[in-house]
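Okay, entry39.txt now, which holds compact mmCIF, C-alpha atoms:
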# COMPACT_ATOMS: atom_id res chain seq x y z
CA MET Y 1 -15.03 20.89 -23.74
CA GLU Y 2 -12.18 18.75 -24.93
CA THR Y 3 -11.78 18.37 -28.59
CA LEU Y 4 -12.61 15.09 -30.20
CA ARG Y 5 -8.98 14.40 -31.02
CA GLU Y 6 -7.84 14.90 -27.43
CA ILE Y 7 -10.46 12.50 -26.14
CA ARG Y 8 -9.48 9.90 -28.69
CA ARG Y 9 -5.85 10.20 -27.70
CA ARG Y 10 -6.68 9.73 -24.04
CA ILE Y 11 -8.79 6.68 -24.74
CA ALA Y 12 -5.90 5.15 -26.66
CA SER Y 13 -3.41 5.81 -23.88
CA ILE Y 14 -5.66 4.46 -21.14
CA THR Y 15 -6.23 1.34 -23.19
CA LYS Y 16 -2.48 0.83 -23.38
CA ILE Y 17 -2.14 1.30 -19.63
CA SER Y 18 -4.85 -1.23 -18.95
CA GLN Y 19 -3.03 -3.72 -21.16
CA VAL Y 20 0.11 -3.26 -19.10
CA THR Y 21 -1.67 -3.61 -15.76
CA ASP Y 22 -3.47 -6.67 -17.01
CA ALA Y 23 -0.19 -8.26 -18.06
CA MET Y 24 1.24 -7.46 -14.64
CA ARG Y 25 -1.75 -9.06 -13.01
CA MET Y 26 -1.16 -12.25 -14.94
CA VAL Y 27 2.53 -12.31 -14.03
CA ALA Y 28 1.67 -11.75 -10.36
CA THR Y 29 -0.87 -14.57 -10.51
CA ALA Y 30 1.73 -16.97 -11.88
CA LYS Y 31 4.28 -15.91 -9.29
CA LEU Y 32 1.74 -16.21 -6.52
CA ARG Y 33 1.06 -19.77 -7.53
CA ARG Y 34 4.75 -20.56 -7.36
CA ALA Y 35 5.05 -18.85 -3.98
CA GLN Y 36 2.16 -20.90 -2.65
CA GLN Y 37 3.79 -24.08 -3.90
CA ALA Y 38 6.91 -23.14 -1.97
CA ILE Y 39 4.81 -22.71 1.17
CA GLU Y 40 3.27 -26.11 0.58
CA ALA Y 41 6.69 -27.70 0.04
CA ASN Y 42 7.86 -26.35 3.37
CA ARG Y 43 4.88 -27.57 5.37
CA PRO Y 44 5.80 -31.25 5.83
CA TYR Y 45 9.31 -30.23 6.82
CA ALA Y 46 8.02 -27.70 9.33
CA ASN Y 47 5.49 -30.13 10.82
CA ARG Y 48 8.07 -32.82 11.34
CA PHE Y 49 10.58 -30.39 12.67
CA ASN Y 50 8.08 -29.09 15.20
CA ARG Y 51 7.11 -32.56 16.24
CA ILE Y 52 10.72 -33.47 16.95
CA LEU Y 53 11.23 -30.25 18.85
CA THR Y 54 8.09 -30.68 20.94
CA GLN Y 55 8.99 -34.23 21.70
CA LEU Y 56 12.51 -33.27 22.73
CA VAL Y 57 11.26 -30.60 25.08
CA SER Y 58 8.67 -32.90 26.59
CA VAL Y 59 11.15 -35.67 27.33
CA LEU Y 60 13.63 -33.35 28.97
CA GLU Y 61 12.99 -33.93 32.64
CA ASP Y 62 14.41 -30.70 33.89
CA GLU Y 63 13.47 -27.82 31.63
CA SER Y 64 15.44 -25.32 33.60
CA ALA Y 65 18.55 -27.19 32.60
CA ILE Y 66 18.18 -25.92 29.06
CA SER Y 67 20.46 -23.01 28.65
CA HIS Y 68 21.29 -21.55 25.33
CA PRO Y 69 22.44 -18.07 24.28
CA LEU Y 70 19.27 -17.72 22.20
CA LEU Y 71 17.00 -18.39 25.18
CA GLU Y 72 18.60 -15.94 27.55
CA THR Y 73 16.47 -12.91 28.45
CA ARG Y 74 18.05 -9.57 29.28
CA SER Y 75 16.81 -6.13 30.21
CA LEU Y 76 16.04 -4.04 27.16
CA GLN Y 77 18.70 -1.63 26.05
CA LYS Y 78 18.94 -2.21 22.36
CA VAL Y 79 16.48 -3.78 19.99
CA CYS Y 80 16.89 -5.10 16.49
CA VAL Y 81 13.92 -4.82 14.17
CA VAL Y 82 13.84 -6.82 10.96
CA ALA Y 83 11.49 -5.22 8.43
CA VAL Y 84 10.45 -7.36 5.49
CA SER Y 85 8.92 -5.79 2.40
CA ALA Y 86 9.26 -6.21 -1.35
CA ASP Y 87 11.89 -5.13 -3.84
CA ARG Y 88 9.37 -3.56 -6.16
CA GLY Y 89 6.37 -1.34 -5.86
CA LEU Y 90 3.00 -1.38 -7.61
CA CYS Y 91 1.57 -3.75 -5.08
CA GLY Y 92 -0.98 -1.65 -3.28
CA SER Y 93 -0.27 -0.79 0.32
CA PHE Y 94 2.02 -3.77 0.82
CA ASN Y 95 5.25 -1.82 1.27
CA ALA Y 96 3.56 1.15 2.90
CA ASN Y 97 2.08 -1.13 5.56
CA THR Y 98 5.44 -2.57 6.52
CA ILE Y 99 7.02 0.88 6.58
CA ARG Y 100 4.25 2.36 8.70
CA THR Y 101 4.28 -0.44 11.25
CA THR Y 102 8.08 -0.35 11.40
CA SER Y 103 8.16 3.41 11.96
CA GLN Y 104 5.62 3.10 14.74
CA ARG Y 105 7.61 0.35 16.33
CA ILE Y 106 10.82 2.37 16.18
CA GLN Y 107 9.07 5.37 17.69
CA HIS Y 108 7.62 3.20 20.41
CA TYR Y 109 11.09 2.01 21.41
CA GLN Y 110 12.66 5.43 21.14
CA GLN Y 111 10.11 6.79 23.57
CA GLN Y 112 11.28 4.19 26.04
CA LYS Y 113 14.85 5.26 25.39
CA VAL Y 114 15.65 1.95 23.79
CA GLU Y 115 18.04 2.07 20.85
CA VAL Y 116 16.90 0.46 17.64
CA ASP Y 117 18.94 -1.24 14.94
CA LEU Y 118 17.15 -1.99 11.74
CA ILE Y 119 17.67 -4.81 9.26
CA CYS Y 120 15.92 -4.18 5.97
CA VAL Y 121 14.78 -7.02 3.77
CA GLY Y 122 13.58 -5.79 0.39
CA ARG Y 123 14.56 -2.67 -1.50
CA ARG Y 124 11.46 -0.70 -0.59
CA VAL Y 125 12.02 -0.55 3.17
CA ALA Y 126 15.75 -0.15 2.68
CA ASP Y 127 15.29 2.88 0.42
CA PHE Y 128 12.87 4.43 2.85
CA PHE Y 129 14.89 4.04 6.05
CA ARG Y 130 18.29 4.69 4.54
CA ARG Y 131 17.32 8.31 4.00
CA ARG Y 132 16.15 8.72 7.57
CA GLU Y 133 17.81 8.88 10.91
CA THR Y 134 17.55 5.20 11.53
CA ASN Y 135 20.46 2.95 12.13
CA VAL Y 136 20.24 0.49 9.26
CA MET Y 137 22.47 -2.44 10.18
CA ALA Y 138 22.09 -4.50 7.08
CA GLU Y 139 20.15 -4.65 3.85
CA TYR Y 140 18.99 -7.74 2.05
CA ILE Y 141 18.00 -6.68 -1.42
CA ASN Y 142 16.85 -8.68 -4.42
CA ILE Y 143 16.43 -11.87 -2.48
CA PHE Y 144 12.87 -12.57 -3.53
CA ASN Y 145 13.61 -13.11 -7.20
CA GLN Y 146 15.34 -16.37 -6.45
CA LEU Y 147 14.24 -17.03 -2.93
CA GLY Y 148 16.45 -19.68 -1.36
CA PHE Y 149 16.80 -21.18 2.08
CA GLU Y 150 20.37 -19.80 2.28
CA THR Y 151 18.89 -16.34 2.63
CA ALA Y 152 16.96 -17.41 5.69
CA THR Y 153 20.07 -19.05 7.10
CA ALA Y 154 22.18 -15.96 6.46
CA LEU Y 155 19.63 -13.69 8.08
CA SER Y 156 19.12 -15.82 11.13
CA SER Y 157 22.81 -16.39 11.67
CA GLN Y 158 23.35 -12.65 11.54
CA ILE Y 159 20.71 -11.96 14.15
CA SER Y 160 21.75 -14.83 16.37
CA GLU Y 161 25.30 -13.55 16.25
CA MET Y 162 24.10 -10.09 17.29
CA TYR Y 163 21.97 -11.57 20.00
CA SER Y 164 24.49 -13.97 21.49
CA SER Y 165 27.18 -11.29 21.60
CA ALA Y 166 24.68 -9.11 23.51
CA LYS Y 167 24.72 -6.34 20.91
CA VAL Y 168 20.95 -6.41 21.03
CA ASP Y 169 18.57 -7.68 23.69
CA LEU Y 170 15.52 -8.39 21.58
CA VAL Y 171 14.90 -9.17 17.93
CA GLU Y 172 11.57 -8.53 16.28
CA ILE Y 173 10.40 -9.13 12.75
CA ILE Y 174 7.74 -7.18 10.89
CA TYR Y 175 6.29 -8.70 7.75
CA ASN Y 176 3.12 -9.20 5.75
CA ASP Y 177 1.52 -12.47 6.67
CA PHE Y 178 -0.10 -14.32 3.81
CA ARG Y 179 -3.58 -15.29 4.98
CA SER Y 180 -5.15 -15.74 1.57
CA ALA Y 181 -4.94 -14.33 -1.94
CA ILE Y 182 -7.09 -11.39 -0.85
CA LEU Y 183 -5.97 -10.94 2.73
CA GLN Y 184 -2.52 -10.02 3.94
CA VAL Y 185 -1.92 -8.77 7.45
CA VAL Y 186 1.11 -7.00 8.84
CA GLN Y 187 2.53 -9.04 11.70
CA THR Y 188 5.04 -8.16 14.37
CA GLU Y 189 6.66 -11.18 15.95
CA GLN Y 190 9.41 -11.69 18.44
CA LEU Y 191 12.24 -13.82 17.08
CA LEU Y 192 14.75 -13.65 19.91
CA PRO Y 193 14.97 -14.54 22.68
CA LEU Y 194 13.18 -17.67 21.59
CA ASP Y 195 9.92 -17.95 23.41
CA GLU Y 196 9.75 -20.60 25.99
CA ILE Y 197 9.29 -23.67 23.91
CA SER Y 198 6.46 -25.47 25.52
CA ALA Y 199 4.45 -28.25 24.04
CA GLU Y 200 1.43 -25.93 23.74
CA SER Y 201 3.23 -23.12 21.95
CA LEU Y 202 4.07 -25.39 19.07
CA ALA Y 203 0.78 -25.82 17.36
CA GLU Y 204 -0.52 -28.86 15.52
CA PRO Y 205 -0.09 -31.60 18.04
CA THR Y 206 0.61 -34.76 16.15
CA GLU Y 207 0.28 -38.35 17.17
CA PRO Y 208 2.22 -38.81 20.38
CA THR Y 209 5.15 -41.05 19.75
CA THR Y 210 5.16 -43.19 22.81
CA VAL Y 211 8.13 -45.29 21.97
CA LEU Y 212 9.85 -46.67 25.00
CA GLU Y 213 13.14 -47.41 23.41
CA TYR Y 214 14.24 -44.21 21.73
CA LEU Y 215 17.88 -43.42 21.31
CA TYR Y 216 19.21 -39.89 21.36
CA GLU Y 217 22.67 -39.26 20.10
CA PRO Y 218 24.44 -37.48 21.71
CA THR Y 219 22.01 -36.52 24.51
CA GLN Y 220 18.60 -34.88 24.39
CA GLY Y 221 20.02 -31.69 25.81
CA GLU Y 222 22.81 -31.49 23.28
CA ILE Y 223 20.50 -32.20 20.39
CA LEU Y 224 18.23 -29.45 21.62
CA GLN Y 225 21.16 -27.05 21.68
CA GLN Y 226 21.80 -27.75 18.04
CA ILE Y 227 18.18 -27.73 17.04
CA LEU Y 228 17.47 -24.24 18.36
CA PRO Y 229 19.44 -22.39 15.65
CA LYS Y 230 17.73 -24.58 13.07
CA HIS Y 231 14.42 -23.67 14.63
CA LEU Y 232 15.25 -20.00 14.07
CA ASN Y 233 16.16 -20.74 10.46
CA ALA Y 234 12.85 -22.46 9.97
CA GLN Y 235 10.93 -19.53 11.43
CA MET Y 236 12.80 -17.08 9.24
CA TRP Y 237 12.14 -19.20 6.19
CA LYS Y 238 8.44 -19.25 6.93
CA VAL Y 239 8.39 -15.46 7.24
CA LEU Y 240 10.19 -15.01 3.92
CA LEU Y 241 7.87 -17.44 2.16
CA ASP Y 242 4.82 -15.74 3.60
CA SER Y 243 5.98 -12.26 2.71
CA ASN Y 244 6.82 -13.36 -0.81
CA ALA Y 245 3.38 -14.85 -1.37
CA ALA Y 246 1.73 -11.83 0.23
CA GLU Y 247 3.61 -9.50 -2.10
CA HIS Y 248 2.41 -11.26 -5.23
CA ALA Y 249 -1.11 -11.51 -3.87
CA ALA Y 250 -1.11 -7.79 -3.10
CA ARG Y 251 0.21 -6.97 -6.54
CA MET Y 252 -2.35 -9.19 -8.16
CA THR Y 253 -5.19 -7.39 -6.39
CA ALA Y 254 -3.71 -3.97 -7.07
CA MET Y 255 -3.31 -4.66 -10.75
CA GLU Y 256 -6.75 -6.14 -11.02
CA ASN Y 257 -8.18 -2.95 -9.52
CA ALA Y 258 -6.07 -0.81 -11.82
CA THR Y 259 -7.30 -2.68 -14.86
CA GLN Y 260 -10.88 -2.34 -13.68
CA ASN Y 261 -10.45 1.39 -13.06
CA ALA Y 262 -8.99 1.84 -16.51
CA LYS Y 263 -11.98 0.06 -18.00
CA ASP Y 264 -14.40 2.31 -16.12
CA LEU Y 265 -12.49 5.35 -17.26
CA ILE Y 266 -12.55 4.22 -20.86
CA GLU Y 267 -16.29 3.65 -20.70
CA GLU Y 268 -16.81 7.17 -19.47
CA MET Y 269 -14.53 8.63 -22.10
CA VAL Y 270 -16.24 6.75 -24.89
CA LEU Y 271 -19.49 8.46 -23.88
CA GLN Y 272 -17.72 11.80 -23.92
CA ARG Y 273 -16.24 11.07 -27.29
CA ASN Y 274 -19.61 10.15 -28.76
CA ARG Y 275 -21.14 13.29 -27.36
CA ALA Y 276 -18.34 15.40 -28.80
CA ARG Y 277 -18.70 13.74 -32.16
CA GLN Y 278 -22.45 14.28 -32.09
CA THR Y 279 -22.05 18.00 -31.36
CA MET Y 280 -19.56 18.33 -34.16
CA ILE Y 281 -21.85 16.68 -36.67
CA THR Y 282 -24.78 18.82 -35.52
CA LYS Y 283 -22.64 21.88 -35.91
CA GLU Y 284 -21.53 20.89 -39.38
CA VAL Y 285 -25.09 20.16 -40.49
CA ALA Y 286 -26.25 23.49 -39.11
CA GLU Y 287 -23.50 25.23 -41.02
CA ILE Y 288 -24.36 23.48 -44.27
CA VAL Y 289 -28.05 24.23 -43.83
CA SER Y 290 -27.45 27.89 -43.04
CA GLY Y 291 -25.02 28.10 -45.96
CA ALA Y 292 -27.57 26.62 -48.34
CA GLU Y 293 -30.24 29.00 -47.05
CA ALA Y 294 -27.97 31.98 -47.54
CA SER Y 295 -27.11 31.06 -51.11
CA GLY Y 296 -30.70 30.01 -51.92
CA MET M 1 20.68 -62.19 -0.17
CA ALA M 2 18.30 -59.35 -0.59
CA ASP M 3 18.40 -56.96 2.32
CA LYS M 4 15.19 -55.89 3.93
CA ALA M 5 13.88 -52.58 2.75
CA PHE M 6 12.50 -49.65 4.75
CA LEU M 7 11.05 -46.25 3.92
CA LEU M 8 13.34 -43.26 3.73
CA GLU M 9 12.24 -39.70 3.27
CA ILE M 10 14.68 -36.87 2.69
CA ARG M 11 13.43 -33.32 2.83
CA THR M 12 14.76 -29.81 2.81
CA PRO M 13 12.64 -26.73 3.53
CA GLU M 14 12.55 -26.15 -0.22
CA ARG M 15 11.63 -29.54 -1.59
CA LEU M 16 11.15 -33.24 -1.18
CA ILE M 17 14.36 -34.87 -2.30
CA PHE M 18 13.76 -38.54 -1.83
CA ASP M 19 10.87 -40.69 -0.73
CA ASP M 20 11.22 -44.37 -1.45
CA GLU M 21 12.23 -47.75 -0.14
CA VAL M 22 15.89 -48.29 0.57
CA THR M 23 17.94 -51.07 2.07
CA SER M 24 20.53 -48.92 3.78
CA VAL M 25 21.45 -45.34 4.39
CA ARG M 26 24.73 -43.94 5.63
CA ALA M 27 24.95 -40.46 7.08
CA PRO M 28 27.43 -38.19 8.86
CA GLY M 29 26.25 -37.87 12.45
CA ASN M 30 27.98 -35.45 14.74
CA GLN M 31 29.38 -38.43 16.64
CA GLY M 32 30.75 -39.95 13.45
CA ASN M 33 29.32 -41.64 10.41
CA PHE M 34 26.63 -44.22 10.95
CA GLN M 35 24.58 -46.62 8.92
CA VAL M 36 20.93 -47.45 9.27
CA LEU M 37 19.43 -50.73 8.13
CA ALA M 38 15.89 -52.03 8.35
CA GLY M 39 14.79 -52.66 11.92
CA HIS M 40 16.97 -50.01 13.49
CA ILE M 41 15.68 -48.88 16.86
CA PRO M 42 14.03 -45.43 17.10
CA PHE M 43 16.77 -42.91 17.04
CA LEU M 44 17.37 -39.17 16.71
CA THR M 45 20.58 -37.40 15.89
CA VAL M 46 22.05 -34.25 14.38
CA LEU M 47 23.87 -34.44 11.07
CA GLU M 48 27.08 -32.66 10.19
CA PRO M 49 28.04 -31.42 6.73
CA GLY M 50 28.98 -34.53 4.81
CA ILE M 51 27.87 -37.22 2.45
CA ILE M 52 24.74 -39.30 2.67
CA ILE M 53 24.73 -42.58 0.80
CA VAL M 54 21.39 -44.10 -0.04
CA ARG M 55 21.37 -47.73 -1.11
CA SER M 56 18.34 -49.34 -2.59
CA GLU M 57 17.90 -52.74 -4.25
CA ASN M 58 20.58 -52.30 -6.88
CA THR M 59 21.71 -48.70 -6.92
CA ASP M 60 23.83 -46.46 -4.77
CA ARG M 61 23.23 -42.75 -4.79
CA SER M 62 25.08 -40.17 -2.80
CA MET M 63 24.31 -36.60 -1.86
CA ALA M 64 26.07 -33.74 -0.18
CA THR M 65 24.39 -32.08 2.77
CA SER M 66 25.23 -29.14 4.96
CA GLY M 67 23.68 -30.77 7.99
CA GLY M 68 20.29 -31.47 9.48
CA LEU M 69 18.33 -33.86 11.64
CA PHE M 70 17.97 -37.58 11.25
CA GLU M 71 15.21 -39.59 12.82
CA VAL M 72 14.44 -43.27 12.73
CA LEU M 73 10.94 -44.34 13.70
CA PRO M 74 9.28 -47.72 13.27
CA GLY M 75 7.15 -46.26 10.49
CA GLY M 76 10.06 -44.91 8.52
CA THR M 77 13.21 -42.90 8.51
CA THR M 78 13.32 -39.18 7.93
CA ALA M 79 16.17 -36.82 7.22
CA LEU M 80 15.40 -33.11 7.56
CA LEU M 81 18.32 -31.37 5.91
CA ASP M 82 19.25 -27.71 5.64
CA THR M 83 20.50 -28.21 2.09
CA ALA M 84 21.07 -31.29 -0.01
CA GLU M 85 22.26 -31.99 -3.50
CA TRP M 86 22.56 -35.29 -5.30
CA SER M 87 26.07 -35.90 -6.54
CA ASP M 88 24.97 -35.44 -10.16
CA GLU M 89 23.33 -32.10 -9.39
CA ILE M 90 26.45 -30.42 -8.14
CA ASP M 91 27.81 -27.61 -10.25
CA LEU M 92 31.57 -28.04 -10.05
CA LYS M 93 32.35 -24.50 -11.17
CA ARG M 94 30.16 -23.01 -8.49
CA VAL M 95 31.63 -25.21 -5.80
CA GLU M 96 35.16 -24.36 -6.89
CA SER M 97 34.45 -20.66 -6.72
CA ALA M 98 32.75 -21.05 -3.34
CA ARG M 99 35.83 -22.88 -2.08
CA GLU M 100 38.15 -20.13 -3.28
CA ARG M 101 35.94 -17.47 -1.77
CA ALA M 102 35.99 -19.20 1.58
CA ILE M 103 39.76 -19.67 1.49
CA ASN M 104 40.35 -16.04 0.57
CA ARG M 105 38.06 -14.88 3.30
CA LEU M 106 39.85 -17.01 5.86
CA ALA M 107 43.24 -15.87 4.60
CA SER M 108 42.44 -12.17 4.75
CA ARG M 109 41.81 -12.24 8.50
CA ASP M 110 40.11 -8.90 8.40
CA GLU M 111 38.14 -7.54 11.27
CA GLY M 112 34.48 -8.27 10.95
CA ILE M 113 34.92 -11.55 9.19
CA ASP M 114 32.82 -14.27 10.57
CA ILE M 115 35.47 -16.96 10.77
CA SER M 116 33.18 -19.74 11.85
CA ARG M 117 30.87 -19.00 8.94
CA ALA M 118 33.72 -18.94 6.45
CA GLU M 119 35.00 -22.20 7.85
CA ALA M 120 31.59 -23.76 7.57
CA ALA M 121 31.36 -22.56 3.97
CA LEU M 122 34.74 -24.10 3.23
CA ARG M 123 33.72 -27.36 4.81
CA ARG M 124 30.56 -27.50 2.73
CA ALA M 125 32.50 -26.73 -0.45
CA LEU M 126 35.02 -29.47 0.28
CA VAL M 127 32.31 -32.03 0.90
CA ARG M 128 30.64 -31.19 -2.38
CA LEU M 129 33.91 -31.32 -4.29
CA LYS M 130 34.70 -34.69 -2.81
CA ILE M 131 31.38 -36.20 -3.68
CA ALA M 132 31.19 -34.73 -7.16
CA SER M 133 34.58 -36.06 -8.13
CA ARG M 134 33.83 -39.64 -7.15

Can the structure from this file be put into structure tokens for me?
Amino acid sequence: METLREIRRRIASITKISQVTDAMRMVATAKLRRAQQAIEANRPYANRFNRILTQLVSVLEDESAISHPLLETRSLQKVCVVAVSADRGLCGSFNANTIRTTSQRIQHYQQQKVEVDLICVGRRVADFFRRRETNVMAEYINIFNQLGFETATALSSQISEMYSSAKVDLVEIIYNDFRSAILQVVQTEQLLPLDEISAESLAEPTEPTTVLEYLYEPTQGEILQQILPKHLNAQMWKVLLDSNAAEHAARMTAMENATQNAKDLIEEMVLQRNRARQTMITKEVAEIVSGAEASG
Amino acid sequence: MADKAFLLEIRTPERLIFDDEVTSVRAPGNQGNFQVLAGHIPFLTVLEPGIIIVRSENTDRSMATSGGLFEVLPGGTTALLDTAEWSDEIDLKRVESARERAINRLASRDEGIDISRAEAALRRALVRLKIASR
């Protein structure tokens, strides 16, 4: 049986811990709200961008005429995997999920004798894979604190450079998709080669713009050439925004659970403390009584 | 004579920059600078790094952009830019240091330097310097 003093000390320390986790929960909540606002701010841009892209593809008479280094498909010899996690821990299984899925993916390719290059986004994946026998091509660390579109541009220009120079034949990205504040799902998506851009693959069909007189400058084909890299940027940006929101959501949930667990623990320990105090008092009374009897 | 006004919306992936009525907008297309007035025919083009000048009733505002898309529809005109900064938002010190960085990188001619990226960075820095010093 623990002594009364020990129990009291543990109650005090658990209370302190629960204060810290509760503060972290509040910070995560505030950051999640900001991350969601960033997602909202991107939506109109993305919708319009997709509409323009869809429209361009649909007006191009001869789709086979579209040729672009980012559309070219090759036989698989080398793959680049982009793994997106967080810079910090204490967010439940968020980082572990990315790492697990990435490891599986790497194994899957190695079994097929396909070489894998890894690009790590976030300190957690980078730390994990750096110590292992994986070829880490690049690390993007501390980008989520001040998440900016330049990061997405930098990332996508790096992978398009690798892809167009045929250093890799496929680029995949693994990240936590933000479904809601309580649900985040690890996603594996192919970035390059760009999937065949058909009108159906771009969701959210908007009002068809049936304008007869529509001027393209220079030509539709050339605009499309220049839009494709921007399309990749936009996809990358969406992934980063999603992962960022998912991280804060995961941390919020984790910290909420931690605070709850601490509360449960404290409740239990208070009972223990009361019991210990009761036994001590009983013992003291018994001693006094027996002492009085002896002297009486 | 008051020019006719039309709706202009300028967006980046990060934020809405401008959404209001204007009488004219000038932008750097990849075939050269162009100007759009009310009643322009539907039109789509790609923008280069450069300066966009937005004119409304009685004010002129200019912004630096690193490129984007520009679309004119009967319902309104939209610019989807990669980055954009109003002239009064530009931090001269940052631009100056970005310019030097780009020049140094180009001058070093090391292996593994992405020359086209450094050049693009230099071009963006120059545009911003130009607009901020007007």

Taking only C-alpha atoms into account and nothing else, which residues of chain M lie no more than 10 Å away from chain Y? Please answer as number ranges by chain. M: 10-16, 29-31, 41-47, 67-69, 71-74, 78-83, 114, 117

Every residue with an atom at most 9 Å from (9.9, -0.6, -2.8) (file coordinates; only C-alpha atoms) is what I'm after, so could you write them as a ChimeraX atom specification? /Y:85-90,95-96,122-128

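A straight line drawn from CA of Ile159 (chain Y) to CA of Ile119 (chain Y) is 9.2 Å long.
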
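Considering all atoms listed in the file, the residue among Y:Val57, Y:Val79, Y:Leu240, Y:Met255 positioned nearest to Thr151 (chain Y) is Y:Leu240.
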
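Distance check against Thr98 (chain Y) using all atoms listed in the file: of Y:Ser75, Y:Thr134, Y:Lys16, Y:Ala246, the minimum falls on Y:Ala246.
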
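Between CA of Ser13 (chain Y) and CA of Leu32 (chain Y) the interatomic distance comes to 28.5 Å.
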
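The coordinates place CA of Gln184 (chain Y) at 17.1 Å from CA of Arg34 (chain Y).
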
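Proximity to Gly50 (chain M) was assessed for M:Ala38, M:Ile17, M:Val95, M:Ile131 counting only C-alpha atoms; the smallest distance is recorded for M:Ile131.
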